[in-house]
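K.L.:
You'll find protein-v8.pdb just under this line, and it carries PDB, C-alpha atoms, pLDDT in the B column.
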ATOM      1  CA  MET A   1       0.000   0.000   0.000  1.00 72.00           C
ATOM      2  CA  ASP A   2       2.873   2.409   0.752  1.00 87.00           C
ATOM      3  CA  ASP A   3       4.289   1.792  -2.719  1.00 91.00           C
ATOM      4  CA  ARG A   4       1.052   2.937  -4.351  1.00 93.00           C
ATOM      5  CA  LEU A   5       0.908   6.053  -2.183  1.00 93.00           C
ATOM      6  CA  ASP A   6       4.514   6.895  -3.051  1.00 94.00           C
ATOM      7  CA  LYS A   7       3.739   6.535  -6.759  1.00 95.00           C
ATOM      8  CA  LEU A   8       0.632   8.671  -6.407  1.00 95.00           C
ATOM      9  CA  LEU A   9       2.566  11.360  -4.536  1.00 95.00           C
ATOM     10  CA  ALA A  10       5.331  11.318  -7.160  1.00 95.00           C
ATOM     11  CA  LEU A  11       2.753  11.743  -9.928  1.00 96.00           C
ATOM     12  CA  ALA A  12       1.110  14.622  -8.078  1.00 97.00           C
ATOM     13  CA  GLU A  13       4.484  16.345  -7.686  1.00 97.00           C
ATOM     14  CA  LYS A  14       5.228  15.916 -11.404  1.00 97.00           C
ATOM     15  CA  GLN A  15       1.845  17.380 -12.271  1.00 97.00           C
ATOM     16  CA  HIS A  16       2.530  20.352 -10.010  1.00 97.00           C
ATOM     17  CA  VAL A  17       5.822  21.066 -11.804  1.00 97.00           C
ATOM     18  CA  ILE A  18       4.151  20.766 -15.214  1.00 97.00           C
ATOM     19  CA  ILE A  19       1.293  23.081 -14.223  1.00 97.00           C
ATOM     20  CA  ALA A  20       3.718  25.666 -12.823  1.00 97.00           C
ATOM     21  CA  GLU A  21       5.701  25.640 -16.088  1.00 97.00           C
ATOM     22  CA  GLN A  22       2.513  25.967 -18.120  1.00 97.00           C
ATOM     23  CA  GLY A  23       1.531  28.957 -15.978  1.00 97.00           C
ATOM     24  CA  LYS A  24       4.829  30.660 -16.828  1.00 97.00           C
ATOM     25  CA  GLN A  25       4.325  29.945 -20.532  1.00 97.00           C
ATOM     26  CA  ILE A  26       0.790  31.334 -20.444  1.00 97.00           C
ATOM     27  CA  GLY A  27       2.093  34.505 -18.813  1.00 96.00           C
ATOM     28  CA  GLN A  28       4.750  34.906 -21.512  1.00 96.00           C
ATOM     29  CA  GLN A  29       2.168  34.352 -24.244  1.00 97.00           C
ATOM     30  CA  ALA A  30      -0.133  36.936 -22.672  1.00 96.00           C
ATOM     31  CA  ASP A  31       2.720  39.475 -22.690  1.00 95.00           C
ATOM     32  CA  SER A  32       3.436  38.714 -26.360  1.00 96.00           C
ATOM     33  CA  ILE A  33      -0.234  39.052 -27.288  1.00 96.00           C
ATOM     34  CA  ALA A  34      -0.469  42.379 -25.463  1.00 94.00           C
ATOM     35  CA  LEU A  35       2.557  43.739 -27.328  1.00 93.00           C
ATOM     36  CA  LEU A  36       1.217  42.505 -30.662  1.00 94.00           C
ATOM     37  CA  THR A  37      -2.182  44.055 -29.953  1.00 91.00           C
ATOM     38  CA  GLN A  38      -0.545  47.365 -29.072  1.00 89.00           C
ATOM     39  CA  SER A  39       1.510  47.264 -32.282  1.00 88.00           C
ATOM     40  CA  VAL A  40      -1.537  46.547 -34.441  1.00 88.00           C
ATOM     41  CA  ALA A  41      -3.485  49.365 -32.785  1.00 84.00           C
ATOM     42  CA  MET A  42      -0.629  51.781 -33.450  1.00 83.00           C
ATOM     43  CA  LEU A  43      -0.332  50.641 -37.077  1.00 82.00           C
ATOM     44  CA  LEU A  44      -4.072  50.986 -37.637  1.00 80.00           C
ATOM     45  CA  GLY A  45      -3.946  54.452 -36.120  1.00 75.00           C
ATOM     46  CA  GLU A  46      -1.206  55.455 -38.532  1.00 67.00           C
ATOM     47  CA  GLU A  47      -3.114  53.975 -41.485  1.00 66.00           C
ATOM     48  CA  ILE A  48      -6.196  56.146 -40.887  1.00 68.00           C
ATOM     49  CA  GLY A  49      -4.053  59.230 -40.380  1.00 66.00           C
ATOM     50  CA  THR A  50      -4.257  59.458 -36.628  1.00 60.00           C
ATOM     51  CA  PRO A  51      -0.973  60.789 -35.302  1.00 59.00           C
ATOM     52  CA  VAL A  52       0.697  58.359 -32.969  1.00 59.00           C
ATOM     53  CA  ALA A  53       2.950  59.881 -30.347  1.00 61.00           C
ATOM     54  CA  ASP A  54       5.055  58.291 -27.630  1.00 60.00           C
ATOM     55  CA  ASP A  55       3.340  60.504 -25.076  1.00 62.00           C
ATOM     56  CA  ALA A  56      -0.458  60.298 -25.286  1.00 57.00           C
ATOM     57  CA  GLU A  57      -0.881  63.818 -23.852  1.00 62.00           C
ATOM     58  CA  ALA A  58       1.326  65.343 -26.562  1.00 62.00           C
ATOM     59  CA  ALA A  59      -0.813  64.040 -29.455  1.00 66.00           C
ATOM     60  CA  PRO A  60      -3.379  66.540 -30.731  1.00 70.00           C
ATOM     61  CA  ARG A  61      -6.949  65.310 -30.926  1.00 72.00           C
ATOM     62  CA  VAL A  62      -8.153  65.215 -34.525  1.00 77.00           C
ATOM     63  CA  ASP A  63     -11.155  63.809 -36.346  1.00 73.00           C
ATOM     64  CA  LEU A  64     -10.936  61.330 -39.251  1.00 73.00           C
ATOM     65  CA  ASP A  65     -10.273  64.196 -41.685  1.00 79.00           C
ATOM     66  CA  GLY A  66      -7.286  65.306 -39.607  1.00 78.00           C
ATOM     67  CA  LYS A  67      -8.975  68.481 -38.344  1.00 81.00           C
ATOM     68  CA  PRO A  68      -8.273  69.299 -34.692  1.00 79.00           C
ATOM     69  CA  TYR A  69     -11.168  69.516 -32.273  1.00 70.00           C
TER      70      TYR A  69
END
What is this structure when it is put down as structure tokens?
P.N.:
Amino acid sequence: MDDRLDKLLALAEKQHVIIAEQGKQIGQQADSIALLTQSVAMLLGEEIGTPVADDAEAAPRVDLDGKPY
């Protein structure tokens, strides 16, 4: 009976390690997706003529025709 419990405990520990590694990978993927989303949003903004500045407060507010408001 002890042998089965030891095997079960070993399997549970392996699963814990695997789940922890998957959690790290999911976090890295989420960071990559966020950066990609930000890049696409910036590119789309440039495509429609919206000025894209490093500092959001420095960018003038303009409509789709480029006229300030």
K.L.:
If you measure from atom CA of A:Pro68 to atom CA of A:Leu44, what distance in Å do you get, rounded to one decimal?
P.N.:
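So the answer is 19.0 Å.
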K.L.:
Could you jot down the atom CA of A:Val40 to atom CA of A:Asp63 separation for me, Å, one decimal place?
P.N.:
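These atoms are spaced 19.9 Å apart.
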K.L.:
At what distance in Å, to one decimal, does atom CA of A:Leu64 lie from atom CA of A:Ala41?
P.N.:
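It comes out at 15.5 Å.
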K.L.:
Smallest atom-to-atom distance to A:Gly45: which of A:Glu13, A:Leu8, A:Ile26, A:Val62, using all atoms listed in the file?
P.N.:
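Ranking A:Glu13, A:Leu8, A:Ile26, A:Val62 by distance to A:Gly45, first place goes to A:Val62.
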